[in-house]
$ cat model25.tsv   # TSV, N, CA and C atoms
chain	number	residue	atom	x	y	z
A	1233	MET	N	56.44	-71.63	-151.97
A	1233	MET	CA	57.25	-70.49	-152.29
A	1233	MET	C	57.67	-69.82	-150.98
A	1234	SER	N	58.95	-69.61	-150.84
A	1234	SER	CA	59.48	-68.97	-149.65
A	1234	SER	C	59.69	-67.48	-149.94
A	1235	MET	N	59.23	-66.66	-149.02
A	1235	MET	CA	59.40	-65.22	-149.20
A	1235	MET	C	60.06	-64.63	-147.99
A	1236	ASP	N	60.89	-63.63	-148.21
A	1236	ASP	CA	61.56	-62.95	-147.12
A	1236	ASP	C	60.75	-61.72	-146.74
A	1237	PHE	N	60.06	-61.77	-145.61
A	1237	PHE	CA	59.26	-60.64	-145.16
A	1237	PHE	C	60.00	-59.84	-144.10
A	1238	SER	N	61.32	-60.03	-143.99
A	1238	SER	CA	62.08	-59.32	-142.98
A	1238	SER	C	62.12	-57.83	-143.29
A	1239	HIS	N	62.35	-57.06	-142.26
A	1239	HIS	CA	62.43	-55.61	-142.40
A	1239	HIS	C	63.53	-55.23	-143.40
A	1240	GLU	N	64.65	-55.91	-143.32
A	1240	GLU	CA	65.78	-55.60	-144.19
A	1240	GLU	C	65.47	-55.84	-145.66
A	1241	ALA	N	64.64	-56.83	-145.95
A	1241	ALA	CA	64.33	-57.18	-147.34
A	1241	ALA	C	63.57	-56.06	-148.04
A	1242	TYR	N	62.88	-55.22	-147.27
A	1242	TYR	CA	62.07	-54.18	-147.87
A	1242	TYR	C	62.60	-52.78	-147.63
A	1243	MET	N	63.74	-52.65	-146.97
A	1243	MET	CA	64.36	-51.34	-146.79
A	1243	MET	C	65.13	-51.01	-148.06
A	1244	ARG	N	64.84	-49.85	-148.61
A	1244	ARG	CA	65.49	-49.45	-149.85
A	1244	ARG	C	66.02	-48.03	-149.70
A	1245	LYS	N	67.07	-47.74	-150.44
A	1245	LYS	CA	67.63	-46.39	-150.42
A	1245	LYS	C	66.99	-45.52	-151.47
A	1246	ASP	N	66.35	-46.14	-152.46
A	1246	ASP	CA	65.73	-45.37	-153.53
A	1246	ASP	C	64.20	-45.52	-153.45
A	1247	ALA	N	63.51	-44.73	-154.24
A	1247	ALA	CA	62.05	-44.81	-154.28
A	1247	ALA	C	61.64	-46.12	-154.94
A	1248	LEU	N	60.49	-46.62	-154.59
A	1248	LEU	CA	60.00	-47.90	-155.09
A	1248	LEU	C	58.79	-47.68	-155.98
A	1249	ASN	N	58.82	-48.26	-157.16
A	1249	ASN	CA	57.67	-48.24	-158.06
A	1249	ASN	C	57.01	-49.61	-157.98
A	1250	TYR	N	55.70	-49.62	-157.75
A	1250	TYR	CA	55.04	-50.92	-157.55
A	1250	TYR	C	55.23	-51.85	-158.74
A	1251	LYS	N	55.40	-51.32	-159.94
A	1251	LYS	CA	55.58	-52.16	-161.12
A	1251	LYS	C	56.91	-52.90	-161.10
A	1252	ASP	N	57.85	-52.45	-160.25
A	1252	ASP	CA	59.15	-53.12	-160.12
A	1252	ASP	C	59.09	-54.30	-159.15
A	1253	VAL	N	57.98	-54.46	-158.45
A	1253	VAL	CA	57.82	-55.54	-157.47
A	1253	VAL	C	57.07	-56.68	-158.13
A	1254	LYS	N	57.60	-57.88	-157.99
A	1254	LYS	CA	57.00	-59.05	-158.62
A	1254	LYS	C	55.62	-59.34	-158.01
A	1255	PRO	N	54.58	-59.47	-158.86
A	1255	PRO	CA	53.25	-59.80	-158.33
A	1255	PRO	C	53.19	-61.25	-157.85
A	1256	ILE	N	52.47	-61.46	-156.77
A	1256	ILE	CA	52.29	-62.79	-156.18
A	1256	ILE	C	50.84	-63.19	-156.40
A	1257	PRO	N	50.59	-64.36	-157.03
A	1257	PRO	CA	49.19	-64.80	-157.19
A	1257	PRO	C	48.54	-65.02	-155.82
A	1258	ILE	N	47.29	-64.62	-155.69
A	1258	ILE	CA	46.55	-64.84	-154.45
A	1258	ILE	C	45.82	-66.17	-154.59
A	1259	PRO	N	46.11	-67.15	-153.73
A	1259	PRO	CA	45.49	-68.48	-153.84
A	1259	PRO	C	43.96	-68.40	-153.84
A	1260	GLY	N	43.35	-69.11	-154.78
A	1260	GLY	CA	41.90	-69.19	-154.85
A	1260	GLY	C	41.23	-67.98	-155.48
A	1261	GLN	N	42.02	-67.06	-156.01
A	1261	GLN	CA	41.45	-65.86	-156.62
A	1261	GLN	C	42.17	-65.55	-157.93
A	1262	VAL	N	41.50	-64.84	-158.82
A	1262	VAL	CA	42.13	-64.37	-160.05
A	1262	VAL	C	42.62	-62.95	-159.74
A	1263	ALA	N	43.67	-62.88	-158.93
A	1263	ALA	CA	44.19	-61.61	-158.46
A	1263	ALA	C	45.65	-61.77	-158.08
A	1264	THR	N	46.34	-60.64	-157.99
A	1264	THR	CA	47.73	-60.64	-157.54
A	1264	THR	C	47.92	-59.60	-156.46
A	1265	ARG	N	48.98	-59.76	-155.70
A	1265	ARG	CA	49.33	-58.80	-154.66
A	1265	ARG	C	50.83	-58.53	-154.77
A	1266	ARG	N	51.20	-57.29	-154.54
A	1266	ARG	CA	52.61	-56.91	-154.49
A	1266	ARG	C	52.86	-56.33	-153.11
A	1267	ILE	N	53.82	-56.88	-152.39
A	1267	ILE	CA	54.19	-56.35	-151.08
A	1267	ILE	C	55.18	-55.22	-151.35
A	1268	LEU	N	54.76	-53.99	-151.09
A	1268	LEU	CA	55.58	-52.83	-151.39
A	1268	LEU	C	56.56	-52.50	-150.28
A	1269	VAL	N	56.05	-52.46	-149.04
A	1269	VAL	CA	56.88	-52.15	-147.89
A	1269	VAL	C	56.41	-53.01	-146.73
A	1270	CYS	N	57.36	-53.55	-145.99
A	1270	CYS	CA	57.03	-54.37	-144.84
A	1270	CYS	C	57.85	-53.88	-143.66
A	1271	GLY	N	57.17	-53.35	-142.65
A	1271	GLY	CA	57.85	-52.89	-141.44
A	1271	GLY	C	57.75	-53.94	-140.36
A	1272	ASN	N	58.00	-53.53	-139.12
A	1272	ASN	CA	57.94	-54.48	-138.00
A	1272	ASN	C	56.52	-54.86	-137.64
A	1273	SER	N	55.54	-53.98	-137.92
A	1273	SER	CA	54.17	-54.29	-137.53
A	1273	SER	C	53.14	-53.85	-138.57
A	1274	ILE	N	53.56	-53.46	-139.76
A	1274	ILE	CA	52.62	-53.00	-140.77
A	1274	ILE	C	53.14	-53.36	-142.16
A	1275	ILE	N	52.22	-53.65	-143.06
A	1275	ILE	CA	52.57	-53.99	-144.44
A	1275	ILE	C	51.75	-53.11	-145.37
A	1276	LEU	N	52.40	-52.61	-146.41
A	1276	LEU	CA	51.71	-51.89	-147.47
A	1276	LEU	C	51.81	-52.75	-148.72
A	1277	GLY	N	50.65	-53.12	-149.24
A	1277	GLY	CA	50.62	-53.94	-150.45
A	1277	GLY	C	49.70	-53.32	-151.48
A	1278	MET	N	49.80	-53.81	-152.70
A	1278	MET	CA	48.92	-53.36	-153.76
A	1278	MET	C	48.33	-54.61	-154.39
A	1279	GLY	N	47.00	-54.66	-154.45
A	1279	GLY	CA	46.31	-55.79	-155.06
A	1279	GLY	C	45.69	-55.38	-156.38
A	1280	GLU	N	45.69	-56.31	-157.32
A	1280	GLU	CA	45.04	-56.06	-158.61
A	1280	GLU	C	44.12	-57.23	-158.92
A	1281	MET	N	42.86	-56.89	-159.24
A	1281	MET	CA	41.87	-57.89	-159.59
A	1281	MET	C	41.41	-57.63	-161.02
A	1282	LYS	N	41.31	-58.67	-161.80
A	1282	LYS	CA	40.95	-58.55	-163.21
A	1282	LYS	C	39.44	-58.60	-163.38
A	1283	PRO	N	38.91	-57.85	-164.37
A	1283	PRO	CA	37.47	-57.90	-164.62
A	1283	PRO	C	37.04	-59.30	-165.04
A	1284	GLY	N	35.85	-59.67	-164.65
A	1284	GLY	CA	35.32	-61.00	-164.99
A	1284	GLY	C	35.74	-62.08	-164.01
A	1285	ALA	N	36.63	-61.74	-163.09
A	1285	ALA	CA	37.07	-62.73	-162.11
A	1285	ALA	C	35.95	-62.98	-161.10
A	1286	PRO	N	35.69	-64.23	-160.79
A	1286	PRO	CA	34.65	-64.51	-159.79
A	1286	PRO	C	35.14	-64.10	-158.40
A	1287	PRO	N	34.23	-63.70	-157.53
A	1287	PRO	CA	34.64	-63.40	-156.15
A	1287	PRO	C	35.09	-64.69	-155.46
A	1288	PRO	N	35.86	-64.58	-154.39
A	1288	PRO	CA	36.31	-65.78	-153.68
A	1288	PRO	C	35.12	-66.63	-153.22
A	1289	ALA	N	35.28	-67.94	-153.28
A	1289	ALA	CA	34.21	-68.86	-152.88
A	1289	ALA	C	33.92	-68.75	-151.38
A	1290	VAL	N	34.94	-68.45	-150.61
A	1290	VAL	CA	34.80	-68.33	-149.15
A	1290	VAL	C	35.16	-66.90	-148.78
A	1291	PRO	N	34.36	-66.23	-147.95
A	1291	PRO	CA	34.71	-64.86	-147.54
A	1291	PRO	C	36.09	-64.80	-146.91
A	1292	LEU	N	36.79	-63.70	-147.15
A	1292	LEU	CA	38.11	-63.49	-146.55
A	1292	LEU	C	37.93	-63.06	-145.11
A	1293	ARG	N	38.87	-63.45	-144.27
A	1293	ARG	CA	38.85	-63.12	-142.84
A	1293	ARG	C	40.30	-63.08	-142.38
A	1294	HIS	N	40.69	-62.02	-141.66
A	1294	HIS	CA	42.09	-61.87	-141.26
A	1294	HIS	C	42.21	-61.72	-139.74
A	1295	ASP	N	43.39	-62.07	-139.23
A	1295	ASP	CA	43.66	-61.87	-137.81
A	1295	ASP	C	44.41	-60.55	-137.60
A	1296	PHE	N	44.24	-59.64	-138.54
A	1296	PHE	CA	44.85	-58.31	-138.46
A	1296	PHE	C	43.86	-57.31	-139.04
A	1297	GLU	N	44.08	-56.04	-138.75
A	1297	GLU	CA	43.26	-55.00	-139.36
A	1297	GLU	C	43.76	-54.75	-140.78
A	1298	GLU	N	42.84	-54.31	-141.63
A	1298	GLU	CA	43.21	-54.01	-143.00
A	1298	GLU	C	42.43	-52.77	-143.45
A	1299	ILE	N	43.15	-51.84	-144.06
A	1299	ILE	CA	42.51	-50.69	-144.70
A	1299	ILE	C	42.69	-50.89	-146.19
A	1300	VAL	N	41.59	-50.81	-146.92
A	1300	VAL	CA	41.61	-50.95	-148.38
A	1300	VAL	C	41.29	-49.59	-148.98
A	1301	TYR	N	42.16	-49.12	-149.87
A	1301	TYR	CA	41.98	-47.86	-150.58
A	1301	TYR	C	41.93	-48.17	-152.07
A	1302	VAL	N	40.83	-47.81	-152.74
A	1302	VAL	CA	40.69	-48.09	-154.16
A	1302	VAL	C	41.41	-47.02	-154.97
A	1303	VAL	N	42.38	-47.45	-155.78
A	1303	VAL	CA	43.14	-46.56	-156.64
A	1303	VAL	C	42.41	-46.39	-157.96
A	1304	SER	N	41.90	-47.49	-158.51
A	1304	SER	CA	41.15	-47.43	-159.77
A	1304	SER	C	40.18	-48.60	-159.84
A	1305	GLY	N	39.13	-48.42	-160.65
A	1305	GLY	CA	38.12	-49.46	-160.81
A	1305	GLY	C	36.99	-49.29	-159.81
A	1306	THR	N	36.04	-50.22	-159.89
A	1306	THR	CA	34.87	-50.21	-159.00
A	1306	THR	C	34.72	-51.58	-158.37
A	1307	LEU	N	34.56	-51.59	-157.08
A	1307	LEU	CA	34.52	-52.82	-156.30
A	1307	LEU	C	33.29	-52.81	-155.40
A	1308	GLU	N	32.55	-53.92	-155.39
A	1308	GLU	CA	31.45	-54.08	-154.43
A	1308	GLU	C	32.00	-54.91	-153.27
A	1309	MET	N	31.98	-54.34	-152.08
A	1309	MET	CA	32.47	-55.04	-150.90
A	1309	MET	C	31.25	-55.48	-150.09
A	1310	THR	N	31.13	-56.78	-149.86
A	1310	THR	CA	29.99	-57.35	-149.14
A	1310	THR	C	30.48	-57.94	-147.82
A	1311	TYR	N	29.68	-57.74	-146.78
A	1311	TYR	CA	29.98	-58.28	-145.45
A	1311	TYR	C	28.88	-59.28	-145.11
A	1312	PRO	N	29.13	-60.59	-145.36
A	1312	PRO	CA	28.08	-61.61	-145.23
A	1312	PRO	C	27.43	-61.68	-143.85
A	1313	GLU	N	28.17	-61.39	-142.80
A	1313	GLU	CA	27.61	-61.53	-141.45
A	1313	GLU	C	26.59	-60.44	-141.13
A	1314	THR	N	26.69	-59.29	-141.81
A	1314	THR	CA	25.75	-58.19	-141.54
A	1314	THR	C	24.84	-57.92	-142.73
A	1315	GLY	N	25.21	-58.44	-143.90
A	1315	GLY	CA	24.44	-58.18	-145.10
A	1315	GLY	C	24.74	-56.83	-145.74
A	1316	GLN	N	25.66	-56.07	-145.16
A	1316	GLN	CA	25.99	-54.76	-145.70
A	1316	GLN	C	26.78	-54.89	-147.00
A	1317	LYS	N	26.55	-53.92	-147.90
A	1317	LYS	CA	27.30	-53.84	-149.15
A	1317	LYS	C	27.75	-52.41	-149.34
A	1318	TRP	N	28.97	-52.25	-149.81
A	1318	TRP	CA	29.52	-50.93	-150.11
A	1318	TRP	C	30.02	-50.95	-151.54
A	1319	ILE	N	29.70	-49.92	-152.30
A	1319	ILE	CA	30.28	-49.76	-153.63
A	1319	ILE	C	31.47	-48.82	-153.46
A	1320	MET	N	32.63	-49.31	-153.83
A	1320	MET	CA	33.87	-48.55	-153.67
A	1320	MET	C	34.42	-48.17	-155.04
A	1321	THR	N	34.69	-46.89	-155.23
A	1321	THR	CA	35.27	-46.39	-156.47
A	1321	THR	C	36.60	-45.72	-156.14
A	1322	ALA	N	37.32	-45.27	-157.16
A	1322	ALA	CA	38.62	-44.62	-156.94
A	1322	ALA	C	38.49	-43.52	-155.89
A	1323	GLY	N	39.36	-43.58	-154.89
A	1323	GLY	CA	39.34	-42.62	-153.79
A	1323	GLY	C	38.60	-43.12	-152.56
A	1324	SER	N	37.87	-44.24	-152.66
A	1324	SER	CA	37.15	-44.80	-151.51
A	1324	SER	C	38.10	-45.61	-150.64
A	1325	CYS	N	37.84	-45.61	-149.34
A	1325	CYS	CA	38.61	-46.49	-148.46
A	1325	CYS	C	37.68	-47.08	-147.41
A	1326	LYS	N	38.08	-48.22	-146.86
A	1326	LYS	CA	37.25	-48.95	-145.90
A	1326	LYS	C	38.16	-49.71	-144.96
A	1327	LEU	N	37.83	-49.69	-143.69
A	1327	LEU	CA	38.55	-50.45	-142.67
A	1327	LEU	C	37.88	-51.80	-142.48
A	1328	HIS	N	38.65	-52.85	-142.49
A	1328	HIS	CA	38.17	-54.19	-142.12
A	1328	HIS	C	38.76	-54.50	-140.76
A	1329	PRO	N	37.95	-54.45	-139.70
A	1329	PRO	CA	38.46	-54.80	-138.38
A	1329	PRO	C	38.92	-56.27	-138.34
A	1330	VAL	N	39.64	-56.60	-137.32
A	1330	VAL	CA	40.11	-57.97	-137.12
A	1330	VAL	C	38.94	-58.94	-137.23
A	1331	ASN	N	39.14	-60.04	-137.97
A	1331	ASN	CA	38.18	-61.14	-138.06
A	1331	ASN	C	36.85	-60.76	-138.73
A	1332	THR	N	36.84	-59.74	-139.58
A	1332	THR	CA	35.62	-59.34	-140.29
A	1332	THR	C	35.55	-60.06	-141.63
A	1333	ALA	N	34.52	-60.86	-141.83
A	1333	ALA	CA	34.34	-61.57	-143.11
A	1333	ALA	C	33.95	-60.56	-144.19
A	1334	HIS	N	34.63	-60.65	-145.34
A	1334	HIS	CA	34.33	-59.72	-146.44
A	1334	HIS	C	34.63	-60.38	-147.78
A	1335	VAL	N	33.88	-59.93	-148.80
A	1335	VAL	CA	34.04	-60.45	-150.16
A	1335	VAL	C	34.05	-59.26	-151.10
A	1336	GLY	N	35.05	-59.20	-151.98
A	1336	GLY	CA	35.12	-58.15	-152.98
A	1336	GLY	C	34.73	-58.69	-154.34
A	1337	LYS	N	33.90	-57.94	-155.05
A	1337	LYS	CA	33.46	-58.33	-156.40
A	1337	LYS	C	33.67	-57.14	-157.33
A	1338	ILE	N	34.31	-57.39	-158.46
A	1338	ILE	CA	34.57	-56.33	-159.43
A	1338	ILE	C	33.27	-55.98	-160.15
A	1339	LEU	N	33.02	-54.68	-160.26
A	1339	LEU	CA	31.88	-54.19	-161.03
A	1339	LEU	C	32.45	-53.48	-162.25
A	1340	GLY	N	31.95	-53.78	-163.42
A	1340	GLY	CA	32.43	-53.13	-164.63
A	1340	GLY	C	33.53	-53.93	-165.32
A	1341	ASP	N	34.13	-53.32	-166.32
A	1341	ASP	CA	35.13	-54.03	-167.12
A	1341	ASP	C	36.53	-53.46	-166.97
A	1342	GLU	N	36.75	-52.70	-165.90
A	1342	GLU	CA	38.06	-52.13	-165.62
A	1342	GLU	C	38.72	-52.91	-164.47
A	1343	PRO	N	40.02	-53.21	-164.58
A	1343	PRO	CA	40.70	-53.86	-163.44
A	1343	PRO	C	40.57	-53.00	-162.18
A	1344	VAL	N	40.58	-53.63	-161.04
A	1344	VAL	CA	40.53	-52.91	-159.76
A	1344	VAL	C	41.92	-52.97	-159.14
A	1345	LEU	N	42.42	-51.79	-158.79
A	1345	LEU	CA	43.73	-51.67	-158.15
A	1345	LEU	C	43.49	-51.08	-156.77
A	1346	VAL	N	43.95	-51.78	-155.72
A	1346	VAL	CA	43.75	-51.32	-154.35
A	1346	VAL	C	45.06	-51.29	-153.59
A	1347	LEU	N	45.20	-50.30	-152.73
A	1347	LEU	CA	46.27	-50.29	-151.74
A	1347	LEU	C	45.73	-50.98	-150.51
A	1348	GLU	N	46.53	-51.84	-149.91
A	1348	GLU	CA	46.12	-52.57	-148.71
A	1348	GLU	C	47.13	-52.27	-147.61
A	1349	ILE	N	46.64	-51.69	-146.54
A	1349	ILE	CA	47.49	-51.42	-145.39
A	1349	ILE	C	47.06	-52.40	-144.32
A	1350	ARG	N	48.01	-53.21	-143.88
A	1350	ARG	CA	47.69	-54.27	-142.91
A	1350	ARG	C	48.59	-54.15	-141.70
A	1351	GLY	N	47.98	-54.29	-140.54
A	1351	GLY	CA	48.76	-54.21	-139.32
A	1351	GLY	C	48.03	-54.88	-138.18
A	1352	PRO	N	48.71	-55.02	-137.08
A	1352	PRO	CA	48.06	-55.67	-135.93
A	1352	PRO	C	46.96	-54.78	-135.38
A	1353	LYS	N	46.07	-55.39	-134.65
A	1353	LYS	CA	45.01	-54.62	-134.01
A	1353	LYS	C	45.67	-53.68	-133.01
A	1354	ILE	N	45.35	-52.41	-133.14
A	1354	ILE	CA	45.91	-51.40	-132.24
A	1354	ILE	C	44.82	-50.99	-131.25
A	1355	PRO	N	45.11	-51.04	-129.95
A	1355	PRO	CA	44.07	-50.68	-128.99
A	1355	PRO	C	43.61	-49.24	-129.19
A	1356	PHE	N	42.32	-49.01	-128.99
A	1356	PHE	CA	41.77	-47.67	-129.10
A	1356	PHE	C	42.26	-46.87	-127.91
A	1357	ILE	N	42.82	-45.72	-128.18
A	1357	ILE	CA	43.38	-44.90	-127.10
A	1357	ILE	C	42.50	-43.67	-126.91
A	1358	THR	N	42.08	-43.43	-125.68
A	1358	THR	CA	41.29	-42.23	-125.40
A	1358	THR	C	42.13	-41.28	-124.55
A	1359	PRO	N	41.91	-39.99	-124.73
A	1359	PRO	CA	42.69	-39.02	-123.94
A	1359	PRO	C	42.36	-39.06	-122.47
$ encode --input "model25.tsv" --output "structure tokens"
Amino acid sequence: MSMDFSHEAYMRKDALNYKDVKPIPIPGQVATRRILVCGNSIILGMGEMKPGAPPPAVPLRHDFEEIVYVVSGTLEMTYPETGQKWIMTAGSCKLHPVNTAHVGKILGDEPVLVLEIRGPKIPFITP
């Protein structure tokens, strides 16, 4: 499937409702993602995971930073390399630094809806 991730493809003159954006199946998962806005160095997407879906067989790992904000549902986020687990509910957010292995598992019987902000690693700036 070919997708246009160009800046022009996501520039709109009107407001965007995520339900108007076609969901894209996430390979290897029972989940979808909608790319809402794509700039030159950052992407805003919305992911939806269905209850009862198994977590990914292999931990996810990205070459970019990702901030996950839970809109609805309950998600257990596990970091296999450290053994840490976080329970994320509506209003929770978590930063995944570059190359951080993580696995999300749905808790409960409500779908999980997350906003995903993805961008390149930005150097830490000190005054």
$ residues_near_point --input "model25.tsv" --point "(36.9, -52.6, -164.1)" --cutoff "8 Å" --atoms "all atoms listed in the file" --output "VMD selection string"
chain A and resid 1281 to 1284 1304 to 1307 1338 to 1345
$ select_by_dssp --input "model25.tsv" --residues "chain A" --states "alpha helix (DSSP H)" --output "list in words"
His1239, Glu1240, Ala1241 and Tyr1242 of chain A
$ closest_residue --input "model25.tsv" --among "A:Ile1275, A:Leu1292, A:Ile1349, A:Ile1258" --to "Asn1331 of chain A" --atoms "only N, CA and C atoms"
A:Leu1292
$ atom_distance --input "model25.tsv" --atom1 "atom CA of Trp1318 of chain A" --atom2 "atom CA of Lys1251 of chain A"
28.3 Å
$ closest_residue --input "model25.tsv" --among "A:Pro1291, A:Ile1319, A:Glu1308, A:Tyr1250" --to "Ala1333 of chain A" --atoms "all atoms listed in the file"
A:Pro1291
$ atom_distance --input "model25.tsv" --atom1 "atom CA of Pro1288 of chain A" --atom2 "atom CA of Leu1347 of chain A"
18.5 Å
$ select_by_dssp --input "model25.tsv" --residues "chain A" --states "strand (DSSP E)" --output "ChimeraX atom specification"
/A:1256-1257,1263-1270,1275-1281,1297-1304,1306-1311,1316-1320,1325-1328,1335-1339,1344-1351
$ residues_around --input "model25.tsv" --residues "Gly1279 of chain A" --least-positions-apart "5" --cutoff "10 Å" --atoms "only C-alpha atoms" --output "PyMOL selection string"
chain A and resi 1255-1258+1263-1267+1300+1302-1303+1344-1348
$ closest_residue --input "model25.tsv" --among "A:Val1253, A:Gly1336, A:Tyr1301, A:Leu1268" --to "Ala1322 of chain A" --atoms "all atoms listed in the file"
A:Tyr1301
$ closest_residue --input "model25.tsv" --among "A:Gly1351, A:Gly1271, A:Gly1323, A:His1334" --to "Val1290 of chain A" --atoms "only N, CA and C atoms"
A:His1334
$ atom_distance --input "model25.tsv" --atom1 "atom C of Thr1314 of chain A" --atom2 "atom N of Gly1277 of chain A"
27.0 Å
$ closest_residue --input "model25.tsv" --among "A:Leu1248, A:Ile1299, A:Val1330, A:Met1278" --to "Pro1352 of chain A" --atoms "only C-alpha atoms"
A:Val1330
$ closest_residue --input "model25.tsv" --among "A:Asn1249, A:Gly1315, A:His1328, A:Arg1350" --to "Leu1276 of chain A" --atoms "all atoms listed in the file"
A:Arg1350
